[in-house]
$ cat my_file_4.txt   # compact mmCIF, N, CA, C and O atoms
# COMPACT_ATOMS: atom_id res chain seq x y z
N MET L 2 62.94 -19.14 65.94
CA MET L 2 63.39 -17.89 65.35
C MET L 2 64.07 -17.03 66.40
O MET L 2 63.62 -16.94 67.53
N PHE L 3 65.14 -16.38 66.03
CA PHE L 3 65.89 -15.53 66.95
C PHE L 3 65.13 -14.24 67.22
O PHE L 3 64.55 -13.65 66.32
N SER L 4 65.14 -13.81 68.46
CA SER L 4 64.44 -12.60 68.86
C SER L 4 65.44 -11.53 69.29
O SER L 4 66.41 -11.83 69.97
N PHE L 5 65.20 -10.29 68.92
CA PHE L 5 66.04 -9.18 69.33
C PHE L 5 65.36 -8.40 70.45
O PHE L 5 65.16 -7.20 70.36
N ASP L 6 65.02 -9.11 71.52
CA ASP L 6 64.38 -8.44 72.65
C ASP L 6 65.31 -7.43 73.30
O ASP L 6 64.88 -6.37 73.72
N GLU L 7 66.58 -7.81 73.43
CA GLU L 7 67.56 -6.91 74.02
C GLU L 7 68.80 -6.89 73.13
O GLU L 7 69.28 -7.91 72.70
N ILE L 8 69.30 -5.70 72.87
CA ILE L 8 70.47 -5.51 72.03
C ILE L 8 71.58 -4.89 72.88
O ILE L 8 71.34 -3.97 73.65
N LEU L 9 72.77 -5.41 72.72
CA LEU L 9 73.94 -4.86 73.40
C LEU L 9 74.84 -4.21 72.36
O LEU L 9 75.40 -4.89 71.51
N ALA L 10 74.94 -2.90 72.41
CA ALA L 10 75.84 -2.16 71.53
C ALA L 10 77.20 -2.08 72.20
O ALA L 10 77.30 -1.72 73.37
N ALA L 11 78.23 -2.44 71.47
CA ALA L 11 79.57 -2.47 72.05
C ALA L 11 80.50 -1.52 71.29
O ALA L 11 80.26 -1.19 70.13
N ARG L 12 81.56 -1.13 71.95
CA ARG L 12 82.59 -0.22 71.47
C ARG L 12 82.16 1.22 71.72
O ARG L 12 81.00 1.50 71.95
N PRO L 13 83.09 2.16 71.71
CA PRO L 13 82.77 3.54 72.07
C PRO L 13 81.95 4.33 71.05
O PRO L 13 81.52 5.43 71.35
N ALA L 14 81.74 3.85 69.86
CA ALA L 14 80.93 4.51 68.83
C ALA L 14 81.57 5.81 68.33
O ALA L 14 80.88 6.64 67.76
N TRP L 15 82.85 5.98 68.53
CA TRP L 15 83.52 7.19 68.05
C TRP L 15 83.63 7.15 66.55
O TRP L 15 83.96 6.10 65.99
N PRO L 16 83.34 8.17 65.82
CA PRO L 16 83.04 9.54 66.26
C PRO L 16 81.54 9.82 66.38
O PRO L 16 81.11 10.97 66.35
N ARG L 17 80.74 8.80 66.51
CA ARG L 17 79.28 8.93 66.55
C ARG L 17 78.72 8.72 67.96
O ARG L 17 77.66 8.14 68.15
N GLN L 18 79.43 9.22 68.97
CA GLN L 18 79.01 9.03 70.35
C GLN L 18 77.64 9.64 70.63
O GLN L 18 76.80 9.03 71.27
N ASP L 19 77.40 10.84 70.13
CA ASP L 19 76.10 11.48 70.37
C ASP L 19 74.96 10.70 69.73
O ASP L 19 73.87 10.59 70.29
N GLU L 20 75.22 10.13 68.56
CA GLU L 20 74.20 9.33 67.90
C GLU L 20 73.90 8.06 68.70
O GLU L 20 72.75 7.64 68.80
N MET L 21 74.94 7.46 69.29
CA MET L 21 74.73 6.27 70.12
C MET L 21 73.89 6.61 71.34
O MET L 21 72.98 5.86 71.71
N LEU L 22 74.15 7.75 71.94
CA LEU L 22 73.35 8.17 73.09
C LEU L 22 71.91 8.44 72.67
O LEU L 22 70.98 8.15 73.44
N ALA L 23 71.70 8.97 71.48
CA ALA L 23 70.34 9.19 70.98
C ALA L 23 69.61 7.87 70.81
O ALA L 23 68.42 7.75 71.13
N ILE L 24 70.31 6.86 70.31
CA ILE L 24 69.70 5.52 70.19
C ILE L 24 69.30 5.00 71.56
O ILE L 24 68.20 4.47 71.74
N LEU L 25 70.18 5.15 72.53
CA LEU L 25 69.87 4.68 73.90
C LEU L 25 68.64 5.40 74.46
O LEU L 25 67.81 4.78 75.11
N ARG L 26 68.53 6.69 74.21
CA ARG L 26 67.36 7.44 74.70
C ARG L 26 66.09 6.99 74.00
O ARG L 26 65.02 6.95 74.61
N HIS L 27 66.19 6.62 72.76
CA HIS L 27 65.01 6.29 71.95
C HIS L 27 64.59 4.83 72.06
O HIS L 27 63.41 4.51 71.94
N LYS L 28 65.53 3.94 72.25
CA LYS L 28 65.27 2.50 72.22
C LYS L 28 65.54 1.87 73.60
O LYS L 28 66.67 1.60 73.95
N PRO L 29 64.50 1.62 74.38
CA PRO L 29 64.70 1.09 75.74
C PRO L 29 65.26 -0.33 75.79
O PRO L 29 65.70 -0.77 76.85
N ASN L 30 65.29 -1.03 74.67
CA ASN L 30 65.81 -2.40 74.67
C ASN L 30 67.28 -2.47 74.27
O ASN L 30 67.82 -3.54 74.06
N VAL L 31 67.96 -1.32 74.21
CA VAL L 31 69.38 -1.28 73.86
C VAL L 31 70.19 -0.94 75.10
O VAL L 31 69.90 0.04 75.80
N ALA L 32 71.21 -1.75 75.35
CA ALA L 32 72.19 -1.47 76.40
C ALA L 32 73.52 -1.16 75.72
O ALA L 32 73.70 -1.45 74.53
N TYR L 33 74.46 -0.61 76.46
CA TYR L 33 75.70 -0.11 75.86
C TYR L 33 76.90 -0.54 76.68
O TYR L 33 76.93 -0.38 77.90
N GLU L 34 77.89 -1.06 76.00
CA GLU L 34 79.12 -1.53 76.64
C GLU L 34 80.30 -0.97 75.88
O GLU L 34 80.76 -1.55 74.90
N PRO L 35 80.79 0.24 76.27
CA PRO L 35 81.84 0.92 75.52
C PRO L 35 83.25 0.44 75.87
O PRO L 35 84.08 1.21 76.37
N HIS L 36 83.54 -0.84 75.63
CA HIS L 36 84.88 -1.34 75.92
C HIS L 36 85.89 -0.82 74.90
O HIS L 36 85.51 -0.37 73.83
N GLY L 37 87.13 -0.87 75.28
CA GLY L 37 88.19 -0.43 74.38
C GLY L 37 88.70 0.96 74.69
O GLY L 37 89.76 1.34 74.22
N TRP L 38 87.98 1.71 75.48
CA TRP L 38 88.42 3.03 75.94
C TRP L 38 88.41 3.04 77.46
O TRP L 38 87.60 2.39 78.10
N ARG L 39 89.32 3.82 78.01
CA ARG L 39 89.29 4.04 79.45
C ARG L 39 88.24 5.12 79.73
O ARG L 39 87.98 5.98 78.90
N PRO L 40 87.62 5.09 80.89
CA PRO L 40 86.54 6.04 81.20
C PRO L 40 86.94 7.51 81.06
O PRO L 40 86.10 8.33 80.72
N ARG L 41 88.19 7.83 81.27
CA ARG L 41 88.62 9.22 81.12
C ARG L 41 88.54 9.70 79.68
O ARG L 41 88.54 10.89 79.41
N GLN L 42 88.46 8.76 78.73
CA GLN L 42 88.37 9.11 77.32
C GLN L 42 86.94 9.29 76.83
O GLN L 42 86.73 9.71 75.69
N PHE L 43 85.97 8.99 77.67
CA PHE L 43 84.57 9.13 77.27
C PHE L 43 84.23 10.60 77.06
O PHE L 43 84.75 11.48 77.74
N SER L 44 83.29 10.86 76.17
CA SER L 44 82.84 12.22 75.93
C SER L 44 82.11 12.75 77.16
O SER L 44 81.57 11.97 77.95
N PRO L 45 82.07 14.07 77.32
CA PRO L 45 81.30 14.64 78.44
C PRO L 45 79.84 14.19 78.42
O PRO L 45 79.25 13.94 79.47
N ALA L 46 79.26 14.05 77.23
CA ALA L 46 77.86 13.62 77.13
C ALA L 46 77.70 12.19 77.65
O ALA L 46 76.72 11.88 78.34
N LEU L 47 78.64 11.30 77.31
CA LEU L 47 78.55 9.92 77.81
C LEU L 47 78.74 9.88 79.31
O LEU L 47 78.02 9.18 80.02
N LYS L 48 79.69 10.65 79.83
CA LYS L 48 79.89 10.68 81.29
C LYS L 48 78.63 11.15 82.00
O LYS L 48 78.24 10.61 83.03
N SER L 49 77.98 12.16 81.44
CA SER L 49 76.73 12.66 82.01
C SER L 49 75.64 11.59 81.96
O SER L 49 74.87 11.42 82.92
N ALA L 50 75.55 10.88 80.85
CA ALA L 50 74.54 9.82 80.71
C ALA L 50 74.78 8.70 81.72
O ALA L 50 73.82 8.15 82.27
N ILE L 51 76.04 8.37 81.97
CA ILE L 51 76.37 7.32 82.93
C ILE L 51 75.91 7.74 84.32
O ILE L 51 75.37 6.93 85.08
N GLU L 52 76.10 8.99 84.67
CA GLU L 52 75.67 9.48 85.97
C GLU L 52 74.16 9.63 86.06
O GLU L 52 73.60 9.60 87.15
N GLY L 53 73.52 9.81 84.93
CA GLY L 53 72.09 10.13 84.92
C GLY L 53 71.21 9.01 84.42
O GLY L 53 71.26 7.89 84.91
N ARG L 54 70.45 9.32 83.40
CA ARG L 54 69.36 8.44 82.99
C ARG L 54 69.79 7.12 82.34
O ARG L 54 68.96 6.23 82.18
N MET L 55 71.04 6.96 81.96
CA MET L 55 71.49 5.72 81.32
C MET L 55 72.27 4.80 82.27
O MET L 55 72.79 3.78 81.85
N GLN L 56 72.32 5.15 83.54
CA GLN L 56 73.13 4.36 84.47
C GLN L 56 72.69 2.91 84.60
O GLN L 56 73.48 2.05 84.98
N ASP L 57 71.46 2.59 84.24
CA ASP L 57 70.99 1.21 84.30
C ASP L 57 71.22 0.44 83.00
O ASP L 57 70.90 -0.74 82.91
N ARG L 58 71.77 1.11 81.99
CA ARG L 58 71.92 0.47 80.67
C ARG L 58 73.35 0.51 80.13
O ARG L 58 73.60 0.12 79.01
N ILE L 59 74.28 1.00 80.94
CA ILE L 59 75.69 1.04 80.55
C ILE L 59 76.43 -0.01 81.37
O ILE L 59 76.21 -0.14 82.57
N MET L 60 77.28 -0.79 80.71
CA MET L 60 78.08 -1.78 81.44
C MET L 60 79.53 -1.72 81.02
O MET L 60 79.86 -1.28 79.93
N TRP L 61 80.38 -2.15 81.90
CA TRP L 61 81.82 -2.08 81.74
C TRP L 61 82.34 -3.19 80.85
O TRP L 61 81.87 -4.32 80.88
N GLY L 62 83.37 -2.84 80.08
CA GLY L 62 84.14 -3.80 79.31
C GLY L 62 85.59 -3.34 79.34
O GLY L 62 85.87 -2.20 79.66
N CYS L 63 86.54 -4.20 79.00
CA CYS L 63 87.93 -3.84 79.24
C CYS L 63 88.88 -3.95 78.05
O CYS L 63 89.75 -3.14 77.92
N ASP L 64 88.78 -4.93 77.21
CA ASP L 64 89.76 -5.20 76.15
C ASP L 64 91.08 -5.73 76.70
O ASP L 64 92.15 -5.37 76.24
N PHE L 65 91.01 -6.59 77.70
CA PHE L 65 92.21 -7.24 78.23
C PHE L 65 92.83 -8.09 77.12
O PHE L 65 92.10 -8.69 76.34
N PRO L 66 94.11 -8.14 76.96
CA PRO L 66 95.19 -7.64 77.80
C PRO L 66 95.69 -6.24 77.43
O PRO L 66 96.59 -5.74 78.09
N VAL L 67 95.13 -5.62 76.39
CA VAL L 67 95.59 -4.28 76.03
C VAL L 67 95.34 -3.31 77.18
O VAL L 67 96.21 -2.52 77.54
N LEU L 68 94.16 -3.36 77.74
CA LEU L 68 93.83 -2.58 78.93
C LEU L 68 93.73 -3.54 80.11
O LEU L 68 93.00 -4.52 80.05
N ARG L 69 94.45 -3.27 81.15
CA ARG L 69 94.49 -4.15 82.32
C ARG L 69 93.32 -3.86 83.25
O ARG L 69 92.96 -2.71 83.48
N TYR L 70 92.72 -4.93 83.78
CA TYR L 70 91.53 -4.80 84.62
C TYR L 70 91.72 -3.82 85.76
O TYR L 70 90.91 -2.92 85.97
N GLY L 71 92.78 -3.98 86.54
CA GLY L 71 93.00 -3.12 87.70
C GLY L 71 93.07 -1.65 87.33
O GLY L 71 92.52 -0.80 88.03
N LYS L 72 93.75 -1.35 86.23
CA LYS L 72 93.89 0.04 85.81
C LYS L 72 92.54 0.62 85.37
O LYS L 72 92.19 1.75 85.71
N VAL L 73 91.77 -0.16 84.62
CA VAL L 73 90.48 0.34 84.15
C VAL L 73 89.51 0.52 85.32
O VAL L 73 88.79 1.52 85.39
N ILE L 74 89.50 -0.41 86.25
CA ILE L 74 88.65 -0.26 87.45
C ILE L 74 89.06 0.99 88.23
O ILE L 74 88.22 1.78 88.65
N SER L 75 90.35 1.18 88.39
CA SER L 75 90.85 2.38 89.07
C SER L 75 90.41 3.65 88.34
O SER L 75 90.02 4.64 88.97
N ASP L 76 90.45 3.62 87.01
CA ASP L 76 89.99 4.77 86.23
C ASP L 76 88.50 5.04 86.46
O ASP L 76 88.09 6.19 86.60
N TRP L 77 87.68 3.99 86.48
CA TRP L 77 86.24 4.17 86.75
C TRP L 77 86.07 4.83 88.11
O TRP L 77 85.28 5.77 88.26
N GLU L 78 86.79 4.34 89.10
CA GLU L 78 86.65 4.88 90.46
C GLU L 78 87.11 6.33 90.54
O GLU L 78 86.56 7.12 91.31
N SER L 79 88.10 6.72 89.75
CA SER L 79 88.64 8.08 89.82
C SER L 79 87.77 9.11 89.09
O SER L 79 87.99 10.31 89.22
N GLU L 80 86.77 8.66 88.34
CA GLU L 80 85.90 9.58 87.60
C GLU L 80 84.87 10.28 88.48
O GLU L 80 84.18 11.19 88.03
N GLY L 81 84.73 9.85 89.73
CA GLY L 81 83.83 10.53 90.65
C GLY L 81 82.39 10.03 90.65
O GLY L 81 81.51 10.69 91.21
N TYR L 82 82.14 8.88 90.03
CA TYR L 82 80.78 8.32 90.05
C TYR L 82 80.46 7.82 91.45
O TYR L 82 81.34 7.40 92.20
N SER L 83 79.19 7.84 91.80
CA SER L 83 78.77 7.34 93.12
C SER L 83 78.99 5.82 93.19
O SER L 83 79.10 5.15 92.16
N GLU L 84 79.03 5.32 94.40
CA GLU L 84 79.17 3.86 94.60
C GLU L 84 78.02 3.11 93.94
O GLU L 84 78.21 2.04 93.37
N ALA L 85 76.82 3.66 94.01
CA ALA L 85 75.65 3.01 93.41
C ALA L 85 75.80 2.91 91.89
O ALA L 85 75.52 1.86 91.30
N VAL L 86 76.25 3.98 91.25
CA VAL L 86 76.45 3.96 89.80
C VAL L 86 77.57 2.99 89.44
O VAL L 86 77.43 2.19 88.50
N LEU L 87 78.67 3.01 90.17
CA LEU L 87 79.77 2.08 89.89
C LEU L 87 79.32 0.63 90.03
O LEU L 87 79.68 -0.21 89.21
N ARG L 88 78.53 0.33 91.04
CA ARG L 88 78.04 -1.04 91.24
C ARG L 88 77.19 -1.48 90.04
O ARG L 88 77.32 -2.60 89.55
N LYS L 89 76.36 -0.58 89.54
CA LYS L 89 75.55 -0.90 88.37
C LYS L 89 76.42 -1.13 87.14
O LYS L 89 76.30 -2.14 86.45
N VAL L 90 77.31 -0.19 86.84
CA VAL L 90 78.13 -0.24 85.63
C VAL L 90 79.13 -1.40 85.67
O VAL L 90 79.34 -2.08 84.67
N LEU L 91 79.73 -1.64 86.81
CA LEU L 91 80.77 -2.66 86.91
C LEU L 91 80.23 -4.07 87.15
O LEU L 91 80.97 -5.03 86.98
N SER L 92 78.95 -4.21 87.52
CA SER L 92 78.47 -5.54 87.87
C SER L 92 76.98 -5.75 87.57
O SER L 92 76.62 -6.58 86.76
N ASP L 93 76.14 -5.00 88.24
CA ASP L 93 74.70 -5.29 88.24
C ASP L 93 74.05 -5.24 86.86
O ASP L 93 73.20 -6.07 86.54
N ASN L 94 74.42 -4.27 86.03
CA ASN L 94 73.80 -4.15 84.71
C ASN L 94 74.10 -5.35 83.83
O ASN L 94 73.23 -5.85 83.13
N ALA L 95 75.33 -5.83 83.86
CA ALA L 95 75.71 -7.00 83.06
C ALA L 95 74.99 -8.25 83.58
O ALA L 95 74.50 -9.06 82.79
N LYS L 96 74.92 -8.40 84.89
CA LYS L 96 74.22 -9.56 85.45
C LYS L 96 72.76 -9.57 85.01
O LYS L 96 72.24 -10.61 84.60
N ARG L 97 72.11 -8.44 85.05
CA ARG L 97 70.72 -8.36 84.64
C ARG L 97 70.59 -8.62 83.13
O ARG L 97 69.74 -9.40 82.70
N HIS L 98 71.44 -8.02 82.33
CA HIS L 98 71.37 -8.16 80.88
C HIS L 98 71.55 -9.62 80.45
O HIS L 98 70.85 -10.11 79.57
N PHE L 99 72.50 -10.31 81.08
CA PHE L 99 72.81 -11.68 80.69
C PHE L 99 72.06 -12.73 81.52
O PHE L 99 72.28 -13.93 81.35
N GLY L 100 71.20 -12.28 82.43
CA GLY L 100 70.38 -13.21 83.21
C GLY L 100 71.16 -14.01 84.24
O GLY L 100 70.83 -15.15 84.53
N VAL L 101 72.19 -13.38 84.83
CA VAL L 101 73.00 -14.06 85.84
C VAL L 101 72.40 -13.75 87.21
O VAL L 101 72.18 -12.59 87.55
N ALA L 102 72.16 -14.79 87.99
CA ALA L 102 71.62 -14.61 89.33
C ALA L 102 72.68 -14.00 90.24
O ALA L 102 73.86 -14.29 90.11
N ASN L 103 72.24 -13.18 91.17
CA ASN L 103 73.18 -12.57 92.14
C ASN L 103 73.66 -13.56 93.15
O ASN L 103 73.13 -14.49 93.52
$ encode --input "my_file_4.txt" --output "structure tokens"
Amino acid sequence: MFSFDEILAARPAWPRQDEMLAILRHKPNVAYEPHGWRPRQFSPALKSAIEGRMQDRIMWGCDFPVLRYGKVISDWESEGYSEAVLRKVLSDNAKRHFGVAN
């Protein structure tokens, strides 16, 4: 039988961004991957969550070829997140979620 131990919510959840953040706060087994938008388009609440308590549960996605990897990575870096948060969002969180060894 299939188990829903961990759920990955994808896409930006617009116009229900606040509701998605409420789910993340309430359900510790849900991770979030808001691909399809560049980081500058995220709501202030999502940006705050990425910097704060949700930094271990948010992971990067791109929508290549519509959004190019280099440009999206550059956008993440220009948002002012710390190196530790960027490392989690751009790599570590996905590795942990999908069980990939470092």
$ residues_around --input "my_file_4.txt" --residues "His36 of chain L" --least-positions-apart "5" --cutoff "6 Å" --atoms "all atoms listed in the file" --output "NGL selection string"
:L and (11-13 or 60-64)
$ write_last_selection --input "my_file_4.txt" --atoms "N, CA, C and O atoms" --output "mmCIF file, in the coordinates of the input"
data_model
loop_
_atom_site.group_PDB
_atom_site.id
_atom_site.type_symbol
_atom_site.label_atom_id
_atom_site.label_comp_id
_atom_site.auth_asym_id
_atom_site.auth_seq_id
_atom_site.Cartn_x
_atom_site.Cartn_y
_atom_site.Cartn_z
ATOM 1 N N ALA L 11 78.230 -2.440 71.470
ATOM 2 C CA ALA L 11 79.570 -2.470 72.050
ATOM 3 C C ALA L 11 80.500 -1.520 71.290
ATOM 4 O O ALA L 11 80.260 -1.190 70.130
ATOM 5 N N ARG L 12 81.560 -1.130 71.950
ATOM 6 C CA ARG L 12 82.590 -0.220 71.470
ATOM 7 C C ARG L 12 82.160 1.220 71.720
ATOM 8 O O ARG L 12 81.000 1.500 71.950
ATOM 9 N N PRO L 13 83.090 2.160 71.710
ATOM 10 C CA PRO L 13 82.770 3.540 72.070
ATOM 11 C C PRO L 13 81.950 4.330 71.050
ATOM 12 O O PRO L 13 81.520 5.430 71.350
ATOM 13 N N MET L 60 77.280 -0.790 80.710
ATOM 14 C CA MET L 60 78.080 -1.780 81.440
ATOM 15 C C MET L 60 79.530 -1.720 81.020
ATOM 16 O O MET L 60 79.860 -1.280 79.930
ATOM 17 N N TRP L 61 80.380 -2.150 81.900
ATOM 18 C CA TRP L 61 81.820 -2.080 81.740
ATOM 19 C C TRP L 61 82.340 -3.190 80.850
ATOM 20 O O TRP L 61 81.870 -4.320 80.880
ATOM 21 N N GLY L 62 83.370 -2.840 80.080
ATOM 22 C CA GLY L 62 84.140 -3.800 79.310
ATOM 23 C C GLY L 62 85.590 -3.340 79.340
ATOM 24 O O GLY L 62 85.870 -2.200 79.660
ATOM 25 N N CYS L 63 86.540 -4.200 79.000
ATOM 26 C CA CYS L 63 87.930 -3.840 79.240
ATOM 27 C C CYS L 63 88.880 -3.950 78.050
ATOM 28 O O CYS L 63 89.750 -3.140 77.920
ATOM 29 N N ASP L 64 88.780 -4.930 77.210
ATOM 30 C CA ASP L 64 89.760 -5.200 76.150
ATOM 31 C C ASP L 64 91.080 -5.730 76.700
ATOM 32 O O ASP L 64 92.150 -5.370 76.240
#
$ closest_residue --input "my_file_4.txt" --among "L:Phe65, L:Trp15, L:Trp77, L:Phe99" --to "Ser44 of chain L" --atoms "only C-alpha atoms"
L:Trp15
$ closest_residue --input "my_file_4.txt" --among "L:Ala32, L:Ile51, L:Ala102, L:Ile24" --to "Tyr82 of chain L" --atoms "all atoms listed in the file"
L:Ile51
$ atom_distance --input "my_file_4.txt" --atom1 "atom CA of Leu9 of chain L" --atom2 "atom N of Val31 of chain L"
7.0 Å
$ atom_distance --input "my_file_4.txt" --atom1 "atom CA of Arg39 of chain L" --atom2 "atom CA of Val73 of chain L"
6.1 Å
$ select_by_dssp --input "my_file_4.txt" --residues "segment 10-81 of chain L" --states "strand (DSSP E)" --output "PyMOL selection string"
chain L and resi 10-11+31-34
$ atom_distance --input "my_file_4.txt" --atom1 "atom C of Ile8 of chain L" --atom2 "atom O of Ser79 of chain L"
27.7 Å
$ select_by_dssp --input "my_file_4.txt" --residues "segment 62-93 of chain L" --states "helix (DSSP H, G or I)" --output "number ranges by chain"
L: 70-79, 84-93
$ axis_aligned_box --input "my_file_4.txt" --around "segment 21-31 of chain L" --padding-each-side "5 Å" --output "AutoDock Vina command-line options"
--center_x 69.2 --center_y 2.8 --center_z 73.1 --size_x 21.5 --size_y 22.7 --size_z 17.6
